[in-house]
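**Q** Pasting model-v9.tsv here (TSV, C-alpha atoms):
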chain	number	residue	atom	x	y	z
A	9	MET	CA	-33.96	-20.85	33.66
A	10	ALA	CA	-31.91	-17.74	32.92
A	11	GLN	CA	-33.32	-15.18	30.54
A	12	SER	CA	-31.16	-13.61	27.88
A	13	ALA	CA	-30.42	-9.92	28.18
A	14	LYS	CA	-32.01	-7.58	25.70
A	15	PRO	CA	-29.52	-6.81	22.92
A	16	SER	CA	-28.21	-3.26	22.90
A	17	ASP	CA	-28.83	-0.89	20.00
A	18	ARG	CA	-25.26	0.34	20.06
A	19	PRO	CA	-22.48	-1.27	17.99
A	20	LEU	CA	-20.52	-4.12	19.53
A	21	SER	CA	-17.24	-2.35	18.89
A	22	PRO	CA	-16.32	1.21	17.98
A	23	HIS	CA	-16.67	1.86	14.30
A	24	LEU	CA	-16.38	4.71	11.82
A	25	GLN	CA	-19.43	6.42	13.33
A	26	VAL	CA	-17.48	6.82	16.56
A	27	TYR	CA	-14.00	7.71	15.36
A	28	ARG	CA	-12.91	10.71	13.33
A	29	TRP	CA	-11.05	9.66	10.16
A	30	GLN	CA	-7.29	9.90	10.68
A	31	LEU	CA	-4.17	9.62	8.56
A	32	THR	CA	-3.04	6.50	10.43
A	33	MET	CA	-6.32	4.77	9.53
A	34	THR	CA	-5.79	5.61	5.87
A	35	MET	CA	-2.19	4.42	6.00
A	36	SER	CA	-3.24	1.10	7.53
A	37	ILE	CA	-5.94	0.45	4.94
A	38	LEU	CA	-3.62	1.42	2.08
A	39	HIS	CA	-0.92	-0.87	3.49
A	40	ARG	CA	-3.28	-3.81	3.26
A	41	ILE	CA	-4.42	-2.83	-0.24
A	42	SER	CA	-0.83	-2.41	-1.42
A	43	GLY	CA	0.05	-5.84	-0.01
A	44	ALA	CA	-2.80	-7.37	-2.00
A	45	ALA	CA	-1.65	-5.49	-5.13
A	46	LEU	CA	1.86	-6.86	-4.65
A	47	ALA	CA	0.48	-10.38	-4.40
A	48	VAL	CA	-1.39	-9.91	-7.68
A	49	GLY	CA	1.73	-8.37	-9.23
A	50	LEU	CA	3.63	-11.50	-8.32
A	51	ALA	CA	1.65	-13.29	-11.01
A	52	VAL	CA	3.00	-10.77	-13.53
A	53	ILE	CA	6.54	-11.49	-12.37
A	54	VAL	CA	5.90	-15.20	-12.90
A	55	TRP	CA	4.56	-14.37	-16.37
A	56	ILE	CA	7.74	-12.38	-17.14
A	57	LEU	CA	9.96	-15.28	-16.09
A	58	MET	CA	7.91	-17.85	-17.97
A	59	ALA	CA	7.83	-15.72	-21.12
A	60	ALA	CA	11.59	-15.29	-20.97
A	61	ALA	CA	12.08	-19.03	-20.51
A	62	ILE	CA	9.63	-20.16	-23.19
A	63	GLY	CA	11.08	-18.13	-26.01
A	64	PRO	CA	10.86	-15.08	-28.27
A	65	ALA	CA	7.18	-15.47	-29.21
A	66	ALA	CA	6.04	-15.59	-25.58
A	67	TRP	CA	8.33	-12.67	-24.73
A	68	GLU	CA	6.90	-10.59	-27.57
A	69	THR	CA	3.38	-11.31	-26.30
A	70	PHE	CA	4.34	-10.16	-22.83
A	71	THR	CA	6.05	-6.99	-24.06
A	72	ALA	CA	3.04	-6.17	-26.25
A	73	VAL	CA	0.68	-6.45	-23.26
A	74	ALA	CA	3.04	-4.66	-20.86
A	75	GLY	CA	3.67	-1.92	-23.41
A	76	SER	CA	-0.03	-1.19	-23.95
A	77	LEU	CA	-1.72	1.65	-22.07
A	78	ALA	CA	-3.46	-0.76	-19.69
A	79	GLY	CA	-0.20	-2.63	-19.11
A	80	ARG	CA	1.71	0.54	-18.33
A	81	VAL	CA	-1.00	1.75	-15.95
A	82	ALA	CA	-0.95	-1.63	-14.17
A	83	LEU	CA	2.85	-1.59	-13.92
A	84	PHE	CA	2.80	1.99	-12.65
A	85	GLY	CA	0.22	1.06	-10.01
A	86	TRP	CA	2.28	-1.95	-9.01
A	87	SER	CA	5.38	0.21	-8.58
A	88	VAL	CA	3.41	2.65	-6.42
A	89	ALA	CA	2.20	-0.27	-4.29
A	90	LEU	CA	5.75	-1.63	-4.03
A	91	TYR	CA	7.26	1.64	-2.80
A	92	TYR	CA	4.33	2.46	-0.53
A	93	HIS	CA	4.44	-0.97	1.11
A	94	LEU	CA	8.21	-0.71	1.53
A	95	PHE	CA	8.24	2.73	3.13
A	96	ASN	CA	5.16	2.11	5.24
A	97	GLY	CA	6.74	-1.14	6.43
A	98	ILE	CA	9.81	0.84	7.52
A	99	ARG	CA	7.48	3.20	9.42
A	100	HIS	CA	5.99	0.15	11.13
A	101	LEU	CA	9.48	-1.02	12.09
A	102	PHE	CA	9.98	2.29	13.89
A	103	TRP	CA	6.70	1.71	15.70
A	104	ASP	CA	7.90	-1.78	16.67
A	105	CYS	CA	10.92	-0.10	18.27
A	106	GLY	CA	8.62	2.20	20.24
A	107	LYS	CA	9.34	5.30	18.15
A	108	LEU	CA	7.07	7.83	16.42
A	109	PHE	CA	4.00	7.17	18.58
A	110	GLU	CA	3.28	10.81	19.33
A	111	ILE	CA	0.53	12.13	17.06
A	112	ARG	CA	2.74	14.79	15.50
A	113	ASN	CA	5.48	12.25	14.71
A	114	ALA	CA	2.99	9.66	13.43
A	115	TYR	CA	1.55	12.20	11.00
A	116	LEU	CA	5.00	13.39	9.95
A	117	ALA	CA	6.09	9.81	9.27
A	118	GLY	CA	2.91	9.20	7.29
A	119	TYR	CA	3.50	12.23	5.10
A	120	LEU	CA	7.13	11.17	4.63
A	121	VAL	CA	5.95	7.74	3.48
A	122	TRP	CA	3.74	9.37	0.85
A	123	LEU	CA	6.52	11.74	-0.22
A	124	ALA	CA	9.09	8.94	-0.50
A	125	THR	CA	6.59	6.78	-2.40
A	126	GLY	CA	5.93	9.55	-4.88
A	127	LEU	CA	9.57	10.47	-5.36
A	128	MET	CA	10.78	6.89	-5.81
A	129	THR	CA	7.93	6.01	-8.16
A	130	LEU	CA	8.65	9.07	-10.30
A	131	ALA	CA	12.39	8.38	-10.22
A	132	THR	CA	11.81	4.80	-11.30
A	133	TRP	CA	9.56	5.75	-14.20
A	134	TRP	CA	11.81	8.62	-15.21
A	135	GLY	CA	14.67	6.11	-15.31
A	136	ILE	CA	12.59	3.74	-17.43
A	137	ALA	CA	11.60	6.53	-19.83
A	138	THR	CA	15.16	7.73	-20.42
Turn this file's structure into structure tokens for me.

**A**
Amino acid sequence: MAQSAKPSDRPLSPHLQVYRWQLTMTMSILHRISGAALAVGLAVIVWILMAAAIGPAAWETFTAVAGSLAGRVALFGWSVALYYHLFNGIRHLFWDCGKLFEIRNAYLAGYLVWLATGLMTLATWWGIAT
């Protein structure tokens, strides 16, 4: 009868104790979070369409909620998630083509994603405010 080997005290796979935190790790985690936020925001889009189809009373309810402070913060967060997911997805398309793999280029692309996200979010909300 074979005896089982003594389990090792080390982790089964490398984890955060082994790796130094990097921008690409942050970008990957935020990409997943933004995708989940977009899925939740899809329910708001359905609510918008249903309120518009049901009639003026339902539309007024939606606009009251969306116009509140909490509603505006949620819509702002959703727009950030939308632009981040878009631009980070474009960065991933470059990776799929075999581009931007060098560390310097990966970091530059990551910072460009954040810059583009910020600029487009601000441009969108500036356009809404004016």

**Q** Tell me which of A:Leu94, A:Thr32, A:Ala82, A:Gln25 sits closest to Ala117 of chain A, counting only C-alpha atoms.

**A**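 Ranking A:Leu94, A:Thr32, A:Ala82, A:Gln25 by distance to Ala117 of chain A, first place goes to A:Thr32.
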
**Q** Here is a test: counting all atoms listed in the file, which residue of A:Ala61, A:Val88, A:Cys105, A:Ala78 is nearest to Leu123 of chain A?

**A** A:Val88

**Q** For Ile136 of chain A, work out the shell of residues within 12 Å, counting only C-alpha atoms and skipping chain neighbours fewer than 5 positions away, then give it as a ChimeraX atom specification.

**A** /A:80,83-84,87,129-131

**Q** For His100 of chain A, which residue among A:Gln30, A:Ser36, A:Thr132, A:Tyr119 is the nearest when counting only C-alpha atoms?

**A**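 Checking each candidate against His100 of chain A, we get A:Ser36 as the closest.
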
**Q** Point out the residue among A:Leu46, A:Gly118, A:Gly85, A:Ile56 with the least atom-to-atom distance to Ala72 of chain A, counting all atoms listed in the file.

**A**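 Going through A:Leu46, A:Gly118, A:Gly85, A:Ile56 one by one, the smallest distance to Ala72 of chain A is for A:Ile56.
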
**Q** Find the axis-aligned box for segment 38-53 of chain A, covering all its listed atoms and adding 6 Å on each side, and write its centre and edge lengths in Å to one decimal as AutoDock Vina command-line options.

**A**
--center_x 1.1 --center_y -5.9 --center_z -5.0 --size_x 23.0 --size_y 26.7 --size_z 29.0

**Q** Could you please determine the separation between atom CA of Gly75 of chain A and atom CA of Ala124 of chain A in Å, to one decimal place?

**A** 25.9 Å

**Q** Could you check how far atom CA of Leu90 of chain A sits from atom CA of Val52 of chain A, in Å to one decimal?

**A** 13.5 Å

**Q** As an exercise, work out the distance from atom CA of Gly49 of chain A to atom CA of Ala74 of chain A in Å and give it to one decimal place.

**A**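 So the answer is 12.3 Å.
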
**Q** Using only C-alpha atoms, can you tell me which of A:Ala114, A:Leu77, A:Ala89, A:Val26 comes closest to Leu38 of chain A?

**A**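 Answer, going by the shortest atom-to-atom distance: A:Ala89.
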
**Q** Find, counting all atoms listed in the file, the residue in A:Trp122, A:Phe95, A:Phe102, A:Phe70 that gets nearest to Val54 of chain A.

**A**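 The answer is A:Phe70, which sits nearest to Val54 of chain A.
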